Amino acid sequence: MKMRKVLAVCLVLMLAMVSLVGCGSEPAASDQQAADQPQESLMVYSGAGLRKPMDEIGQVYEEQFGVKIEYTYAGSAQNLSQIELVQEGDVYIPGAMSYIKSAEEKGLVASKKDVVYHIPAIAVPKGNPANITCLADFAKPDVKVVLGDERSAAIGKVAQKMLQKNKLVEAVEKNVVSKDATVNEVMVHVAMAQADACIIWEDNVQGVDEVEIIEIPAEQNMIKTIPAGVLTCSQKLELAQQFVDFVASAEGKAIFEKHGFKVVE
């Protein structure tokens with residue numbers, strides 16, 4: 001009889017231990033639901049020349065808020081055409097204010113904030129073999145010039161207007177060997193010494209040893225403002241606004257400054 005009681009007690013203890021092990025190995029229902037829940041994300045259209053600071057901003061934002069930023073990098077006009085065509089996405093950050101204004105006119109932007117300045121500059125290969133000193137030198141014989149495509153890249157549109165402003169369009173046009181869709185492609189041509197000069201954004205030269213920068217005098221230049229806008233097609237308007245606010249915050253601007261930009265106060 002006593003042996004039966006002992007066996008019964010042992011059996012109860014064994015069942016209890018199995019039960020406890022089972023509880024420890026199975027995640028709680030709430031934990032399992034959290035694990036199965038897909039991570040929140042935002043789709044951000046950004047000018048190609050902003051990749052370095054925007055990549056870092058996206059990483060910092062994700063660490064702080066748990067929201068993944070999925071970028072589409074392209075020329076500002078290309079991005080605007082894509083937004084208009086597919087009516088998808090959450091935030092638009094082009095290389096110049098004119099693109100946001102165009103988007104606003106089309107009813108594509110709900111709100112915007114100014115972030116930093118984009119300052120055009122002349123870039124030449126290291127050593128400046130063609131001895132370029134100013135915009136007028138773009139018209140010298142045998143000088144190879146690369147520009148951004150004014151139909152797709154913000155820097156191309158700005159460069160064209162600058163040449164018009166300084167009455168250099170016809171004189172320079174005969175020396176243009178390429179018009180590229182993004183400012184990054186323009187930079188590659190000059191860094192590889194496939195061109196003698198180009199017009200890029202001053203901040204693009206940050207950390208590029210193969211390229212030298214020549215400032216353009218203020219009276220000849222056309223400094224632009226980079227805005228960040230919330231898209232009306234966004235299905236996450238509050239989250240999109242939070243990201244735009246972060247980009248335009250002191251923390252976001254500090255990241256831009258680190259990459260050579262001058263911030264809008």
# chains A, B, ... in the order shown; residues from 1 in each chain; ligands from 1
$ residues_around --residues "Ala48 in chain A" --least-positions-apart "2" --cutoff "9 Å" --atoms "only C-alpha atoms" --output "VMD selection string"
chain A and resid 46 50 to 51 72 to 76 94 to 95 153 182 to 184
$ write_last_selection --atoms "C-alpha atoms" --output "compact mmCIF listing (two decimals), in the first residue's frame"
# COMPACT_ATOMS: atom_id res chain seq x y z
CA SER A 46 15.08 60.44 -52.23
CA LEU A 50 21.43 62.48 -50.76
CA ARG A 51 22.18 58.76 -50.33
CA THR A 72 14.08 54.63 -53.74
CA TYR A 73 17.11 56.63 -54.92
CA ALA A 74 16.89 58.28 -58.34
CA GLY A 75 16.88 61.64 -60.06
CA SER A 76 14.34 63.99 -58.49
CA PRO A 94 14.15 65.76 -53.81
CA GLY A 95 17.34 67.69 -54.49
CA ALA A 153 18.40 65.27 -62.14
CA THR A 182 21.97 61.31 -61.52
CA VAL A 183 24.60 63.46 -59.84
CA ASN A 184 26.39 60.29 -58.70
$ residues_around --residues "Gln160 in chain A" --least-positions-apart "4" --cutoff "9 Å" --atoms "only C-alpha atoms" --output "list in words"
Leu147, Gly148, Asp149, Glu150, Ile155, Gly156, Gln164, Lys165 and Val169 of chain A
$ write_last_selection --atoms "N, CA and C atoms" --output "PDB file, in the first residue's frame"
ATOM      1  N   LEU A 147      27.540  67.035 -67.524  1.00  0.00           N
ATOM      2  CA  LEU A 147      26.477  67.694 -66.765  1.00  0.00           C
ATOM      3  C   LEU A 147      25.396  66.675 -66.410  1.00  0.00           C
ATOM      4  N   GLY A 148      24.573  67.016 -65.428  1.00  0.00           N
ATOM      5  CA  GLY A 148      23.402  66.199 -65.138  1.00  0.00           C
ATOM      6  C   GLY A 148      22.333  66.464 -66.185  1.00  0.00           C
ATOM      7  N   ASP A 149      21.510  65.469 -66.438  1.00  0.00           N
ATOM      8  CA  ASP A 149      20.405  65.622 -67.385  1.00  0.00           C
ATOM      9  C   ASP A 149      19.323  66.483 -66.747  1.00  0.00           C
ATOM     10  N   GLU A 150      19.017  67.615 -67.369  1.00  0.00           N
ATOM     11  CA  GLU A 150      18.034  68.542 -66.788  1.00  0.00           C
ATOM     12  C   GLU A 150      16.631  67.968 -66.741  1.00  0.00           C
ATOM     13  N   ILE A 155      20.460  68.500 -60.202  1.00  0.00           N
ATOM     14  CA  ILE A 155      21.701  69.217 -60.520  1.00  0.00           C
ATOM     15  C   ILE A 155      21.767  69.557 -62.006  1.00  0.00           C
ATOM     16  N   GLY A 156      21.183  68.748 -62.864  1.00  0.00           N
ATOM     17  CA  GLY A 156      21.152  69.034 -64.292  1.00  0.00           C
ATOM     18  C   GLY A 156      20.295  70.246 -64.599  1.00  0.00           C
ATOM     19  N   GLN A 164      22.471  79.413 -68.401  1.00  0.00           N
ATOM     20  CA  GLN A 164      21.608  80.435 -69.022  1.00  0.00           C
ATOM     21  C   GLN A 164      21.812  81.789 -68.349  1.00  0.00           C
ATOM     22  N   LYS A 165      21.843  81.781 -67.026  1.00  0.00           N
ATOM     23  CA  LYS A 165      22.030  83.009 -66.249  1.00  0.00           C
ATOM     24  C   LYS A 165      23.332  83.702 -66.621  1.00  0.00           C
ATOM     25  N   VAL A 169      25.297  78.949 -72.339  1.00  0.00           N
ATOM     26  CA  VAL A 169      24.694  77.704 -72.823  1.00  0.00           C
ATOM     27  C   VAL A 169      25.289  77.252 -74.154  1.00  0.00           C
TER      28      VAL A 169
END
$ select_by_dssp --residues "range 66-253 of chain A" --states "strand (DSSP E)" --output "count of residues only"
52
$ atom_distance --atom1 "CA of Ala195 in chain A" --atom2 "CA of Glu210 in chain A"
12.4 Å
$ closest_residue --among "A:Gly89, A:Gly207, A:Pro38, A:Pro141" --to "Lys236 in chain A" --atoms "only C-alpha atoms"
A:Gly89
$ atom_distance --atom1 "CA of Thr133 in chain A" --atom2 "CA of Asp196 in chain A"
11.4 Å
$ closest_residue --among "A:Ile132, A:Ile83, A:Ala77, A:Met222" --to "Ala181 in chain A" --atoms "only C-alpha atoms"
A:Ala77
$ closest_residue --among "A:Val116, A:Leu231, A:Ala123, A:Leu108" --to "Ala197 in chain A" --atoms "only C-alpha atoms"
A:Ala123
$ closest_residue --among "A:Val264, A:Ile100, A:Val91, A:Ala193" --to "Lys126 in chain A" --atoms "only C-alpha atoms"
A:Ala193
$ residues_around --residues "Phe243 in chain A" --least-positions-apart "6" --cutoff "12 Å" --atoms "only C-alpha atoms" --output "ChimeraX atom specification"
/A:41-44,54,57-62,64-69,90-93,112-113,228-231,236-237,249,251-252
$ residues_around --residues "Val124 in chain A" --least-positions-apart "4" --cutoff "12 Å" --atoms "only C-alpha atoms" --output "JSON, numbers by chain"
{"A": [128, 129, 130, 131, 132, 133, 134, 135, 137, 138, 143, 144, 145, 146, 186, 187, 188, 189, 190, 191, 192, 193, 194, 195, 196, 197, 198, 199, 200, 202, 205, 208, 209, 210, 211, 212, 213, 214, 215]}
$ closest_residue --among "A:Asn204, A:Thr225, A:Gln39, A:Thr232" --to "Glu84 in chain A" --atoms "only C-alpha atoms"
A:Thr232
$ select_by_dssp --residues "range 87-243 of chain A" --states "helix (DSSP H, G or I)" --output "ChimeraX atom specification"
/A:97-105,135-139,154-165,169-173,183-191,202-205,237-243
$ write_last_selection --atoms "N, CA and C atoms" --output "compact mmCIF listing (two decimals), in the first residue's frame"
# COMPACT_ATOMS: atom_id res chain seq x y z
N MET A 97 13.85 72.53 -54.18
CA MET A 97 12.49 72.90 -53.79
C MET A 97 11.51 72.86 -54.96
N SER A 98 11.99 73.13 -56.17
CA SER A 98 11.08 73.21 -57.32
C SER A 98 10.29 71.91 -57.53
N TYR A 99 10.91 70.77 -57.19
CA TYR A 99 10.23 69.49 -57.38
C TYR A 99 9.10 69.30 -56.37
N ILE A 100 9.31 69.76 -55.14
CA ILE A 100 8.24 69.68 -54.14
C ILE A 100 7.09 70.61 -54.53
N LYS A 101 7.43 71.80 -55.04
CA LYS A 101 6.38 72.73 -55.47
C LYS A 101 5.56 72.13 -56.61
N SER A 102 6.25 71.47 -57.53
CA SER A 102 5.55 70.80 -58.62
C SER A 102 4.65 69.69 -58.09
N ALA A 103 5.15 68.94 -57.11
CA ALA A 103 4.36 67.87 -56.50
C ALA A 103 3.14 68.45 -55.76
N GLU A 104 3.33 69.59 -55.10
CA GLU A 104 2.21 70.25 -54.41
C GLU A 104 1.13 70.67 -55.40
N GLU A 105 1.56 71.23 -56.53
CA GLU A 105 0.61 71.66 -57.55
C GLU A 105 -0.22 70.50 -58.09
N LEU A 135 33.21 79.05 -64.38
CA LEU A 135 32.23 78.52 -65.34
C LEU A 135 32.60 78.85 -66.78
N ALA A 136 33.16 80.04 -67.00
CA ALA A 136 33.52 80.44 -68.37
C ALA A 136 34.54 79.50 -68.99
N ASP A 137 35.36 78.85 -68.15
CA ASP A 137 36.37 77.92 -68.67
C ASP A 137 35.75 76.66 -69.27
N PHE A 138 34.48 76.41 -68.97
CA PHE A 138 33.80 75.26 -69.56
C PHE A 138 33.72 75.39 -71.09
N ALA A 139 33.85 76.62 -71.58
CA ALA A 139 33.72 76.89 -73.02
C ALA A 139 35.05 76.88 -73.75
N ALA A 154 18.13 66.96 -60.44
CA ALA A 154 18.04 68.33 -59.93
C ALA A 154 19.28 69.13 -60.30
N ILE A 155 20.46 68.50 -60.20
CA ILE A 155 21.70 69.22 -60.52
C ILE A 155 21.77 69.56 -62.01
N GLY A 156 21.18 68.75 -62.86
CA GLY A 156 21.15 69.03 -64.29
C GLY A 156 20.29 70.25 -64.60
N LYS A 157 19.15 70.31 -63.93
CA LYS A 157 18.25 71.45 -64.12
C LYS A 157 18.89 72.74 -63.62
N VAL A 158 19.55 72.65 -62.47
CA VAL A 158 20.22 73.83 -61.90
C VAL A 158 21.38 74.27 -62.78
N ALA A 159 22.18 73.31 -63.26
CA ALA A 159 23.32 73.63 -64.12
C ALA A 159 22.87 74.35 -65.39
N GLN A 160 21.78 73.86 -65.97
CA GLN A 160 21.26 74.48 -67.19
C GLN A 160 20.84 75.93 -66.92
N LYS A 161 20.17 76.15 -65.81
CA LYS A 161 19.74 77.51 -65.47
C LYS A 161 20.93 78.41 -65.16
N MET A 162 21.96 77.85 -64.53
CA MET A 162 23.15 78.64 -64.23
C MET A 162 23.87 79.06 -65.51
N LEU A 163 23.95 78.14 -66.46
CA LEU A 163 24.60 78.47 -67.73
C LEU A 163 23.79 79.52 -68.49
N GLN A 164 22.47 79.41 -68.40
CA GLN A 164 21.61 80.44 -69.02
C GLN A 164 21.81 81.79 -68.35
N LYS A 165 21.84 81.78 -67.03
CA LYS A 165 22.03 83.01 -66.25
C LYS A 165 23.33 83.70 -66.62
N VAL A 169 25.30 78.95 -72.34
CA VAL A 169 24.69 77.70 -72.82
C VAL A 169 25.29 77.25 -74.15
N GLU A 170 25.25 78.09 -75.16
CA GLU A 170 25.71 77.70 -76.49
C GLU A 170 27.21 77.41 -76.50
N ALA A 171 27.99 78.23 -75.79
CA ALA A 171 29.44 78.08 -75.78
C ALA A 171 29.86 76.77 -75.11
N VAL A 172 29.12 76.37 -74.07
CA VAL A 172 29.47 75.16 -73.31
C VAL A 172 28.91 73.91 -73.97
N GLU A 173 27.76 74.03 -74.61
CA GLU A 173 27.08 72.86 -75.18
C GLU A 173 27.98 72.04 -76.09
N VAL A 183 23.37 62.76 -60.18
CA VAL A 183 24.60 63.46 -59.84
C VAL A 183 25.72 62.47 -59.52
N ASN A 184 25.37 61.29 -59.02
CA ASN A 184 26.39 60.29 -58.70
C ASN A 184 27.12 59.83 -59.96
N GLU A 185 26.39 59.69 -61.06
CA GLU A 185 27.02 59.31 -62.33
C GLU A 185 27.94 60.41 -62.84
N VAL A 186 27.53 61.66 -62.66
CA VAL A 186 28.37 62.80 -63.05
C VAL A 186 29.69 62.74 -62.29
N MET A 187 29.60 62.48 -60.98
CA MET A 187 30.78 62.41 -60.13
C MET A 187 31.73 61.30 -60.59
N VAL A 188 31.20 60.17 -60.97
CA VAL A 188 32.03 59.04 -61.41
C VAL A 188 32.84 59.43 -62.64
N HIS A 189 32.21 60.11 -63.60
CA HIS A 189 32.91 60.52 -64.81
C HIS A 189 34.12 61.39 -64.49
N VAL A 190 33.93 62.34 -63.56
CA VAL A 190 35.03 63.25 -63.23
C VAL A 190 36.08 62.54 -62.37
N ALA A 191 35.65 61.73 -61.42
CA ALA A 191 36.59 61.01 -60.56
C ALA A 191 37.49 60.08 -61.37
N GLU A 202 28.11 70.72 -53.88
CA GLU A 202 29.34 70.83 -53.08
C GLU A 202 29.51 69.65 -52.13
N ASP A 203 28.42 69.20 -51.52
CA ASP A 203 28.50 68.12 -50.53
C ASP A 203 28.87 66.77 -51.14
N ASN A 204 28.66 66.61 -52.46
CA ASN A 204 28.96 65.33 -53.11
C ASN A 204 30.45 64.99 -53.09
N VAL A 205 31.30 65.99 -52.91
CA VAL A 205 32.74 65.78 -52.97
C VAL A 205 33.30 65.31 -51.63
N LEU A 237 0.08 58.35 -42.70
CA LEU A 237 0.38 59.79 -42.68
C LEU A 237 1.07 60.23 -41.39
N GLU A 238 0.62 59.74 -40.25
CA GLU A 238 1.23 60.13 -38.98
C GLU A 238 2.68 59.66 -38.89
N LEU A 239 2.93 58.45 -39.34
CA LEU A 239 4.29 57.89 -39.32
C LEU A 239 5.18 58.63 -40.31
N ALA A 240 4.62 58.95 -41.49
CA ALA A 240 5.38 59.69 -42.50
C ALA A 240 5.75 61.08 -41.97
N GLN A 241 4.81 61.73 -41.28
CA GLN A 241 5.09 63.05 -40.70
C GLN A 241 6.15 62.94 -39.61
N GLN A 242 6.11 61.86 -38.85
CA GLN A 242 7.13 61.66 -37.80
C GLN A 242 8.51 61.56 -38.43
N PHE A 243 8.61 60.85 -39.56
CA PHE A 243 9.92 60.71 -40.22
C PHE A 243 10.40 62.05 -40.77
$ closest_residue --among "A:Gln206, A:Trp201, A:Gln235, A:Gln220" --to "Asn166 in chain A" --atoms "only C-alpha atoms"
A:Gln220
$ decode --residues "range 24-171 of chain A" --atoms "C-alpha atoms" --output "short mmCIF file (atom, residue, chain, number, x, y, z; two decimals), in the first residue's frame"
data_model
loop_
_atom_site.label_atom_id
_atom_site.label_comp_id
_atom_site.auth_asym_id
_atom_site.auth_seq_id
_atom_site.Cartn_x
_atom_site.Cartn_y
_atom_site.Cartn_z
CA GLY A 24 9.17 27.06 -20.64
CA SER A 25 9.58 25.95 -24.26
CA GLU A 26 6.35 27.39 -25.63
CA PRO A 27 6.32 31.19 -26.12
CA ALA A 28 3.44 33.12 -24.64
CA ALA A 29 0.65 33.88 -27.11
CA SER A 30 1.37 37.62 -26.99
CA ASP A 31 5.09 37.02 -27.63
CA GLN A 32 4.31 34.75 -30.57
CA GLN A 33 1.96 37.36 -32.05
CA ALA A 34 4.64 40.03 -31.69
CA ALA A 35 7.20 37.78 -33.41
CA ASP A 36 4.78 37.08 -36.29
CA GLN A 37 3.89 40.78 -36.72
CA PRO A 38 5.71 42.28 -39.75
CA GLN A 39 7.96 45.27 -39.01
CA GLU A 40 6.41 48.66 -39.82
CA SER A 41 8.06 50.39 -42.78
CA LEU A 42 7.98 53.60 -44.81
CA MET A 43 8.72 54.08 -48.50
CA VAL A 44 10.88 57.17 -49.06
CA TYR A 45 11.74 58.63 -52.48
CA SER A 46 15.08 60.44 -52.23
CA GLY A 47 17.38 62.28 -54.62
CA ALA A 48 20.38 60.11 -55.52
CA GLY A 49 22.84 62.74 -54.28
CA LEU A 50 21.43 62.48 -50.76
CA ARG A 51 22.18 58.76 -50.33
CA LYS A 52 24.94 59.02 -47.70
CA PRO A 53 23.11 61.18 -45.13
CA MET A 54 19.73 59.58 -45.85
CA ASP A 55 21.10 56.05 -45.33
CA GLU A 56 22.44 57.09 -41.94
CA ILE A 57 19.25 58.93 -41.00
CA GLY A 58 17.21 55.85 -41.91
CA GLN A 59 19.39 53.65 -39.72
CA VAL A 60 19.19 55.99 -36.71
CA TYR A 61 15.43 56.43 -37.16
CA GLU A 62 14.87 52.67 -37.29
CA GLU A 63 16.91 52.18 -34.10
CA GLN A 64 14.90 54.82 -32.25
CA PHE A 65 11.39 54.11 -33.54
CA GLY A 66 11.50 50.51 -34.81
CA VAL A 67 10.32 51.57 -38.28
CA LYS A 68 12.28 50.41 -41.35
CA ILE A 69 12.97 53.00 -44.06
CA GLU A 70 12.90 51.64 -47.62
CA TYR A 71 14.52 54.12 -50.02
CA THR A 72 14.08 54.63 -53.74
CA TYR A 73 17.11 56.63 -54.92
CA ALA A 74 16.89 58.28 -58.34
CA GLY A 75 16.88 61.64 -60.06
CA SER A 76 14.34 63.99 -58.49
CA ALA A 77 12.24 64.20 -61.66
CA GLN A 78 12.32 60.42 -62.06
CA ASN A 79 11.06 59.97 -58.51
CA LEU A 80 8.30 62.53 -59.03
CA SER A 81 7.14 60.75 -62.20
CA GLN A 82 7.13 57.44 -60.31
CA ILE A 83 5.07 58.88 -57.45
CA GLU A 84 2.56 60.35 -59.89
CA LEU A 85 2.32 57.09 -61.83
CA VAL A 86 1.98 54.52 -59.04
CA GLN A 87 0.43 56.72 -56.31
CA GLU A 88 2.36 54.81 -53.65
CA GLY A 89 4.88 55.82 -51.02
CA ASP A 90 5.11 57.95 -47.92
CA VAL A 91 7.83 60.62 -48.18
CA TYR A 92 9.50 62.59 -51.01
CA ILE A 93 12.91 64.26 -50.52
CA PRO A 94 14.15 65.76 -53.81
CA GLY A 95 17.34 67.69 -54.49
CA ALA A 96 15.62 71.05 -54.92
CA MET A 97 12.49 72.90 -53.79
CA SER A 98 11.08 73.21 -57.32
CA TYR A 99 10.23 69.49 -57.38
CA ILE A 100 8.24 69.68 -54.14
CA LYS A 101 6.38 72.73 -55.47
CA SER A 102 5.55 70.80 -58.62
CA ALA A 103 4.36 67.87 -56.50
CA GLU A 104 2.21 70.25 -54.41
CA GLU A 105 0.61 71.66 -57.55
CA LYS A 106 -0.32 68.11 -58.53
CA GLY A 107 -1.84 67.45 -55.10
CA LEU A 108 0.82 64.91 -54.17
CA VAL A 109 2.27 66.57 -51.04
CA ALA A 110 0.38 67.00 -47.76
CA SER A 111 3.08 68.91 -45.84
CA LYS A 112 6.77 69.78 -46.11
CA LYS A 113 9.75 71.04 -44.12
CA ASP A 114 12.97 72.72 -45.29
CA VAL A 115 16.07 70.80 -44.25
CA VAL A 116 19.41 71.80 -45.80
CA TYR A 117 20.93 73.81 -48.65
CA HIS A 118 22.24 72.28 -51.86
CA ILE A 119 25.13 74.42 -53.12
CA PRO A 120 26.29 73.92 -56.73
CA ALA A 121 30.04 73.85 -57.34
CA ILE A 122 32.52 73.01 -60.08
CA ALA A 123 34.29 69.67 -59.72
CA VAL A 124 37.46 68.69 -61.60
CA PRO A 125 39.74 65.62 -61.54
CA LYS A 126 42.57 65.74 -59.02
CA GLY A 127 45.32 68.05 -60.23
CA ASN A 128 42.86 69.98 -62.44
CA PRO A 129 44.58 69.00 -65.74
CA ALA A 130 42.45 71.39 -67.85
CA ASN A 131 43.16 74.31 -65.49
CA ILE A 132 39.47 75.09 -64.87
CA THR A 133 38.96 78.14 -62.64
CA CYS A 134 35.39 79.29 -63.37
CA LEU A 135 32.23 78.52 -65.34
CA ALA A 136 33.52 80.44 -68.37
CA ASP A 137 36.37 77.92 -68.67
CA PHE A 138 33.80 75.26 -69.56
CA ALA A 139 33.72 76.89 -73.02
CA LYS A 140 37.46 76.67 -73.68
CA PRO A 141 38.52 74.55 -76.69
CA ASP A 142 38.98 70.81 -76.09
CA VAL A 143 37.52 70.91 -72.56
CA LYS A 144 35.34 67.85 -71.85
CA VAL A 145 32.29 68.71 -69.76
CA VAL A 146 29.82 66.38 -68.04
CA LEU A 147 26.48 67.69 -66.76
CA GLY A 148 23.40 66.20 -65.14
CA ASP A 149 20.41 65.62 -67.38
CA GLU A 150 18.03 68.54 -66.79
CA ARG A 151 15.06 66.25 -67.48
CA SER A 152 15.81 63.90 -64.60
CA ALA A 153 18.40 65.27 -62.14
CA ALA A 154 18.04 68.33 -59.93
CA ILE A 155 21.70 69.22 -60.52
CA GLY A 156 21.15 69.03 -64.29
CA LYS A 157 18.25 71.45 -64.12
CA VAL A 158 20.22 73.83 -61.90
CA ALA A 159 23.32 73.63 -64.12
CA GLN A 160 21.26 74.48 -67.19
CA LYS A 161 19.74 77.51 -65.47
CA MET A 162 23.15 78.64 -64.23
CA LEU A 163 24.60 78.47 -67.73
CA GLN A 164 21.61 80.44 -69.02
CA LYS A 165 22.03 83.01 -66.25
CA ASN A 166 25.69 83.47 -67.18
CA LYS A 167 25.00 83.39 -70.95
CA LEU A 168 27.16 80.29 -71.49
CA VAL A 169 24.69 77.70 -72.82
CA GLU A 170 25.71 77.70 -76.49
CA ALA A 171 29.44 78.08 -75.78
#
